[in-house]
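final-v6.cif (mmCIF, C-alpha atoms) appears below.
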```cif
data_work
loop_
_atom_site.group_PDB
_atom_site.id
_atom_site.type_symbol
_atom_site.label_atom_id
_atom_site.label_comp_id
_atom_site.auth_asym_id
_atom_site.auth_seq_id
_atom_site.Cartn_x
_atom_site.Cartn_y
_atom_site.Cartn_z
ATOM 1 C CA MET I 1 -164.610 -26.647 77.463
ATOM 2 C CA GLU I 2 -166.315 -24.867 80.337
ATOM 3 C CA SER I 3 -164.754 -21.557 81.276
ATOM 4 C CA ARG I 4 -166.162 -20.851 84.720
ATOM 5 C CA VAL I 5 -164.125 -18.096 86.348
ATOM 6 C CA ARG I 6 -163.726 -18.702 90.079
ATOM 7 C CA VAL I 7 -163.634 -15.728 92.418
ATOM 8 C CA MET I 8 -162.325 -16.591 95.868
ATOM 9 C CA ARG I 9 -161.664 -14.501 98.938
ATOM 10 C CA VAL I 10 -158.717 -15.953 100.847
ATOM 11 C CA GLY I 11 -158.220 -15.035 104.479
ATOM 12 C CA PRO I 12 -157.875 -16.303 108.029
ATOM 13 C CA GLY I 13 -161.165 -18.185 107.612
ATOM 14 C CA GLY I 14 -159.928 -20.096 104.540
ATOM 15 C CA VAL I 15 -161.368 -19.796 101.040
ATOM 16 C CA GLN I 16 -164.812 -18.349 100.344
ATOM 17 C CA GLU I 17 -166.192 -18.610 96.811
ATOM 18 C CA HIS I 18 -168.091 -15.700 95.279
ATOM 19 C CA SER I 19 -169.745 -14.972 91.948
ATOM 20 C CA VAL I 20 -168.013 -13.048 89.185
ATOM 21 C CA ASP I 21 -170.730 -10.382 89.593
ATOM 22 C CA GLU I 22 -169.337 -9.630 93.065
ATOM 23 C CA LEU I 23 -165.757 -9.188 91.842
ATOM 24 C CA GLU I 24 -165.535 -5.396 91.650
ATOM 25 C CA GLY I 25 -167.177 -4.934 95.066
ATOM 26 C CA LEU I 26 -164.861 -7.515 96.619
ATOM 27 C CA LEU I 27 -161.837 -5.832 95.073
ATOM 28 C CA ASP I 28 -162.969 -2.507 96.558
ATOM 29 C CA GLN I 29 -163.339 -4.198 99.967
ATOM 30 C CA VAL I 30 -159.862 -5.747 100.042
ATOM 31 C CA ASN I 31 -158.299 -2.501 98.775
ATOM 32 C CA ARG I 32 -159.854 -0.323 101.503
ATOM 33 C CA VAL I 33 -157.448 1.302 103.942
ATOM 34 C CA ASP I 34 -159.146 -0.402 106.904
ATOM 35 C CA ALA I 35 -159.307 -3.845 105.221
ATOM 36 C CA ASP I 36 -157.940 -6.965 106.892
ATOM 37 C CA LEU I 37 -154.396 -7.189 105.538
ATOM 38 C CA GLU I 38 -154.514 -10.991 105.598
ATOM 39 C CA THR I 39 -157.492 -11.134 103.226
ATOM 40 C CA PHE I 40 -157.106 -10.940 99.459
ATOM 41 C CA LEU I 41 -158.744 -12.133 96.232
ATOM 42 C CA TRP I 42 -157.814 -15.111 94.113
ATOM 43 C CA VAL I 43 -159.388 -15.140 90.664
ATOM 44 C CA ASP I 44 -158.860 -18.347 88.692
ATOM 45 C CA VAL I 45 -159.553 -18.344 84.938
ATOM 46 C CA PRO I 46 -159.657 -21.942 83.630
ATOM 47 C CA VAL I 47 -159.955 -20.976 79.958
ATOM 48 C CA PRO I 48 -158.872 -17.553 78.695
ATOM 49 C CA ASP I 49 -161.541 -15.959 76.515
ATOM 50 C CA ASP I 50 -162.628 -12.473 75.442
ATOM 51 C CA ALA I 51 -164.677 -11.936 78.626
ATOM 52 C CA ALA I 52 -161.684 -12.832 80.800
ATOM 53 C CA ALA I 53 -159.430 -10.527 78.782
ATOM 54 C CA GLU I 54 -161.909 -7.667 79.237
ATOM 55 C CA MET I 55 -162.057 -8.342 83.002
ATOM 56 C CA LEU I 56 -158.245 -8.236 83.217
ATOM 57 C CA ARG I 57 -158.134 -4.912 81.394
ATOM 58 C CA ARG I 58 -161.140 -3.164 82.921
ATOM 59 C CA VAL I 59 -161.302 -4.440 86.501
ATOM 60 C CA PHE I 60 -157.605 -4.996 87.228
ATOM 61 C CA GLY I 61 -155.953 -2.600 84.771
ATOM 62 C CA CYS I 62 -153.602 -5.300 83.483
ATOM 63 C CA HIS I 63 -151.149 -4.241 80.801
ATOM 64 C CA GLU I 64 -152.350 -4.886 77.248
ATOM 65 C CA LEU I 65 -149.257 -6.931 76.333
ATOM 66 C CA ALA I 66 -149.765 -9.190 79.357
ATOM 67 C CA VAL I 67 -153.442 -9.660 78.457
ATOM 68 C CA ARG I 68 -152.369 -10.549 74.925
ATOM 69 C CA ASP I 69 -149.957 -13.136 76.344
ATOM 70 C CA VAL I 70 -152.647 -14.930 78.383
ATOM 71 C CA MET I 71 -154.732 -15.334 75.248
ATOM 72 C CA ARG I 72 -152.045 -17.297 73.397
ATOM 73 C CA ARG I 73 -149.566 -20.069 74.053
ATOM 74 C CA ASN I 74 -146.181 -18.877 75.209
ATOM 75 C CA ARG I 75 -143.090 -20.949 74.520
ATOM 76 C CA VAL I 76 -140.949 -19.723 77.404
ATOM 77 C CA PRO I 77 -141.503 -18.634 81.005
ATOM 78 C CA ARG I 78 -141.463 -14.881 81.615
ATOM 79 C CA VAL I 79 -141.635 -12.303 84.368
ATOM 80 C CA HIS I 80 -142.778 -8.719 83.723
ATOM 81 C CA VAL I 81 -142.962 -6.134 86.484
ATOM 82 C CA TYR I 82 -145.528 -3.357 86.134
ATOM 83 C CA ALA I 83 -146.290 -0.450 88.478
ATOM 84 C CA ASP I 84 -149.062 -2.258 90.362
ATOM 85 C CA HIS I 85 -148.596 -5.948 89.583
ATOM 86 C CA VAL I 86 -146.177 -8.625 88.445
ATOM 87 C CA PHE I 87 -147.012 -10.873 85.497
ATOM 88 C CA VAL I 88 -145.495 -14.374 85.436
ATOM 89 C CA ILE I 89 -145.743 -17.122 82.815
ATOM 90 C CA LEU I 90 -144.926 -20.644 84.050
ATOM 91 C CA HIS I 91 -145.021 -24.085 82.457
ATOM 92 C CA THR I 92 -145.190 -27.604 83.751
ATOM 93 C CA PRO I 93 -144.618 -30.623 81.507
ATOM 94 C CA GLU I 94 -147.246 -33.293 80.933
ATOM 95 C CA LEU I 95 -146.344 -36.510 79.130
ATOM 96 C CA GLY I 96 -148.693 -37.287 76.269
ATOM 97 C CA LYS I 97 -148.992 -40.108 73.759
ATOM 98 C CA ALA I 98 -145.922 -41.437 71.958
ATOM 99 C CA GLY I 99 -143.587 -39.460 74.218
ATOM 100 C CA HIS I 100 -145.003 -36.052 73.286
ATOM 101 C CA VAL I 101 -144.555 -33.510 76.060
ATOM 102 C CA HIS I 102 -147.281 -30.903 76.492
ATOM 103 C CA TYR I 103 -146.439 -27.594 78.129
ATOM 104 C CA ILE I 104 -149.180 -26.770 80.607
ATOM 105 C CA GLU I 105 -149.152 -23.008 81.060
ATOM 106 C CA LEU I 106 -150.180 -21.131 84.180
ATOM 107 C CA ASP I 107 -150.037 -17.343 84.033
ATOM 108 C CA GLN I 108 -150.207 -15.235 87.178
ATOM 109 C CA PHE I 109 -150.988 -11.579 87.824
ATOM 110 C CA ILE I 110 -149.739 -10.822 91.327
ATOM 111 C CA GLY I 111 -151.066 -7.595 92.833
ATOM 112 C CA ALA I 112 -150.929 -6.208 96.354
ATOM 113 C CA ARG I 113 -154.428 -7.528 97.202
ATOM 114 C CA TYR I 114 -155.114 -10.111 94.480
ATOM 115 C CA LEU I 115 -153.740 -13.071 92.573
ATOM 116 C CA ILE I 116 -155.159 -13.944 89.169
ATOM 117 C CA THR I 117 -154.298 -17.342 87.716
ATOM 118 C CA VAL I 118 -155.003 -18.020 84.040
ATOM 119 C CA HIS I 119 -154.662 -21.515 82.542
ATOM 120 C CA GLY I 120 -153.679 -22.275 79.003
ATOM 121 C CA PRO I 121 -154.501 -22.020 76.243
ATOM 122 C CA LEU I 122 -154.468 -25.800 76.213
ATOM 123 C CA ASN I 123 -153.901 -28.319 73.492
ATOM 124 C CA PRO I 124 -157.391 -29.839 72.948
ATOM 125 C CA VAL I 125 -156.112 -33.342 73.782
ATOM 126 C CA VAL I 126 -155.121 -32.270 77.316
ATOM 127 C CA PRO I 127 -157.992 -32.467 79.821
ATOM 128 C CA LEU I 128 -158.792 -29.253 81.728
ATOM 129 C CA GLU I 129 -158.283 -31.176 84.994
ATOM 130 C CA VAL I 130 -154.586 -31.593 84.135
ATOM 131 C CA ALA I 131 -154.207 -27.827 83.711
ATOM 132 C CA GLN I 132 -155.931 -27.190 87.028
ATOM 133 C CA ARG I 133 -154.036 -29.829 89.002
ATOM 134 C CA GLU I 134 -151.664 -27.478 90.873
ATOM 135 C CA VAL I 135 -154.282 -24.780 91.506
ATOM 136 C CA GLU I 136 -156.779 -27.305 92.851
ATOM 137 C CA GLY I 137 -154.124 -28.922 95.028
ATOM 138 C CA VAL I 138 -153.173 -25.580 96.584
ATOM 139 C CA ARG I 139 -156.832 -24.625 97.057
ATOM 140 C CA ARG I 140 -157.467 -27.919 98.884
ATOM 141 C CA ARG I 141 -154.439 -27.291 101.125
ATOM 142 C CA ILE I 142 -155.867 -23.885 102.078
ATOM 143 C CA GLU I 143 -159.333 -25.335 102.725
ATOM 144 C CA SER I 144 -157.874 -28.081 104.938
ATOM 145 C CA GLY I 145 -155.843 -25.557 106.948
ATOM 146 C CA ARG I 146 -152.462 -27.035 105.905
ATOM 147 C CA LEU I 147 -151.640 -23.809 104.016
ATOM 148 C CA ARG I 148 -152.496 -20.337 105.279
ATOM 149 C CA PRO I 149 -151.260 -17.713 102.820
ATOM 150 C CA THR I 150 -151.671 -14.161 104.114
ATOM 151 C CA THR I 151 -150.695 -12.375 100.893
ATOM 152 C CA PRO I 152 -151.086 -12.960 97.159
ATOM 153 C CA HIS I 153 -147.289 -13.342 97.009
ATOM 154 C CA GLU I 154 -147.395 -16.245 99.475
ATOM 155 C CA LEU I 155 -150.136 -17.910 97.422
ATOM 156 C CA SER I 156 -148.127 -17.381 94.234
ATOM 157 C CA TYR I 157 -145.108 -18.943 95.939
ATOM 158 C CA ALA I 158 -147.195 -21.982 96.925
ATOM 159 C CA LEU I 159 -148.344 -22.416 93.316
ATOM 160 C CA THR I 160 -144.878 -21.834 91.850
ATOM 161 C CA SER I 161 -143.179 -24.258 94.243
ATOM 162 C CA THR I 162 -145.867 -26.865 93.458
ATOM 163 C CA ILE I 163 -145.111 -26.452 89.750
ATOM 164 C CA ALA I 164 -141.366 -26.774 90.455
ATOM 165 C CA ARG I 165 -141.986 -30.024 92.369
ATOM 166 C CA MET I 166 -144.054 -31.331 89.439
ATOM 167 C CA GLN I 167 -141.183 -30.523 87.056
ATOM 168 C CA GLU I 168 -138.694 -32.235 89.348
ATOM 169 C CA GLY I 169 -140.856 -35.368 89.523
ATOM 170 C CA PHE I 170 -141.316 -35.375 85.755
ATOM 171 C CA ILE I 171 -137.561 -35.145 85.131
ATOM 172 C CA GLU I 172 -136.883 -37.857 87.737
ATOM 173 C CA ARG I 173 -139.349 -40.219 86.001
ATOM 174 C CA LEU I 174 -137.747 -39.577 82.599
ATOM 175 C CA THR I 175 -134.266 -40.051 84.021
ATOM 176 C CA GLU I 176 -135.286 -43.417 85.525
ATOM 177 C CA GLN I 177 -136.585 -44.514 82.113
ATOM 178 C CA VAL I 178 -133.371 -43.494 80.356
ATOM 179 C CA TRP I 179 -131.118 -45.207 82.926
#
```

Structure translated into structure tokens:
Amino acid sequence: MESRVRVMRVGPGGVQEHSVDELEGLLDQVNRVDADLETFLWVDVPVPDDAAAEMLRRVFGCHELAVRDVMRRNRVPRVHVYADHVFVILHTPELGKAGHVHYIELDQFIGARYLITVHGPLNPVVPLEVAQREVEGVRRRIESGRLRPTTPHELSYALTSTIARMQEGFIERLTEQVW
């Protein structure tokens, strides 16, 4: 499974992709006192690995327990508030073979000038595209101009409400089958 971390600057001009090597410089830019307050970073981690964990610790100063949580499957949603960011664990259901329901996990670190989304870990039978469905949908909405988040919190809300709609649709489909 490819684990290409995506670094995106989100602002009035839409989404601009950057390399991971530019991350620390970009973070310094958006954190400057004279920075455009409608521009922030979105870092998307498709597959959590040791390099991603180190980035979370070193570059963003994420709490060790939160970093530990992104590296493993979590059974329940959670919210933890830290001094400089909020950590959220969300799940969306995905119907598998023979009625098995996979929990697709999306973790979020929400800071004043950044949003980090971390997918998984995933069951190997679930394609990576399924895990990235909501993130890619929101990114496309920003690129098309239909969504214009001005803060990481607004972007997090867009992702969270998309996940809630997916859950609602999933439950509706199951209810139709049972009726």

Polymer residues at most 10 Å from Arg75 of chain I, all atoms listed in the file, same-chain spacing of 5 or more positions, as JSON, numbers by chain | {"I": [89, 90, 91, 103, 105]}

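Of the residues listed (I:Val5, I:Val33, I:Val135, I:Val81), I:Val5 shows the shortest atom-to-atom separation from Ala53 of chain I; distances use all atoms listed in the file.
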
Carefully work through the PyMOL selection byres ((chain I and resi 107) around 7) for this structure and note down the residues it includes, as a list in words.
->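 Given this file, the PyMOL selection byres ((chain I and resi 107) around 7) evaluates to Val70, Val88, Ile89, Leu90, Glu105, Leu106, Gln108, Phe109, Thr117, Val118 and His119 of chain I.
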
Selection above as a file: C-alpha atoms, as an mmCIF file, keeping the file's coordinate frame:
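This went into selection04.cif:
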```
data_model
loop_
_atom_site.group_PDB
_atom_site.id
_atom_site.type_symbol
_atom_site.label_atom_id
_atom_site.label_comp_id
_atom_site.auth_asym_id
_atom_site.auth_seq_id
_atom_site.Cartn_x
_atom_site.Cartn_y
_atom_site.Cartn_z
ATOM 1 C CA VAL I 70 -152.647 -14.930 78.383
ATOM 2 C CA VAL I 88 -145.495 -14.374 85.436
ATOM 3 C CA ILE I 89 -145.743 -17.122 82.815
ATOM 4 C CA LEU I 90 -144.926 -20.644 84.050
ATOM 5 C CA GLU I 105 -149.152 -23.008 81.060
ATOM 6 C CA LEU I 106 -150.180 -21.131 84.180
ATOM 7 C CA GLN I 108 -150.207 -15.235 87.178
ATOM 8 C CA PHE I 109 -150.988 -11.579 87.824
ATOM 9 C CA THR I 117 -154.298 -17.342 87.716
ATOM 10 C CA VAL I 118 -155.003 -18.020 84.040
ATOM 11 C CA HIS I 119 -154.662 -21.515 82.542
#
```

To one decimal in Å, tell me the separation between atom CA of Ala131 of chain I and atom CA of Ala158 of chain I.
->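 Between these atoms lies a distance of 16.1 Å.
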
Surrounding residues of segment 72-74 of chain I excluding itself and chain neighbours under 4 positions, 7 Å, all atoms listed in the file, as number ranges by chain | I: 68, 120-121

Of the candidates I:Ala112, I:Ile142, I:Val178, I:Ala51, which shows the shortest atom-to-atom distance to Pro12 of chain I, using all atoms listed in the file?
->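 Distance minimum relative to Pro12 of chain I lands on I:Ile142.
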
Decode the PyMOL selection byres ((chain I and resi 44) around 12) for the given file into explicit residues and return them as a PyMOL selection string.
-> chain I and resi 3-9+17-20+23+41-43+45-48+52+55-56+106-109+114-120+131-132+134-136+139

Could you jot down the atom CA of Gly11 of chain I to atom CA of Cys62 of chain I separation for me, Å, one decimal place?
->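 Interatomic distance, atom CA of Gly11 of chain I to atom CA of Cys62 of chain I: 23.6 Å.
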
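Distance check against Gly96 of chain I using only C-alpha atoms: of I:Ala164, I:Asp36, I:Asn123, I:Glu64, the minimum falls on I:Asn123.
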
Rank nothing, just name the residue among I:Arg58, I:His153, I:Arg140, I:His63 nearest to Gly111 of chain I, using only C-alpha atoms.
->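 Once distances to Gly111 of chain I are computed over only C-alpha atoms, the minimum belongs to I:His153.
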
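Shortest atom-to-atom contact with Val59 of chain I among I:Glu38, I:Glu94, I:Asp21, I:Glu168: I:Asp21, counting only C-alpha atoms.
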
Once 4 Å is added on each side, what centre and edge lengths in Å to one decimal does the axis-aligned box around all listed atoms of segment 124-130 of chain I have, as JSON?
```
{"center_x": -156.7, "center_y": -31.3, "center_z": 79.0, "size_x": 12.2, "size_y": 12.1, "size_z": 20.0}
```

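Atom CA of Val126 of chain I to atom CA of Glu143 of chain I spans 26.7 Å [interatomic distance, one decimal].
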
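Counting only C-alpha atoms and comparing I:Val10, I:Glu22, I:Arg165, I:Leu174, the residue that lies closest to Leu147 of chain I is I:Val10.
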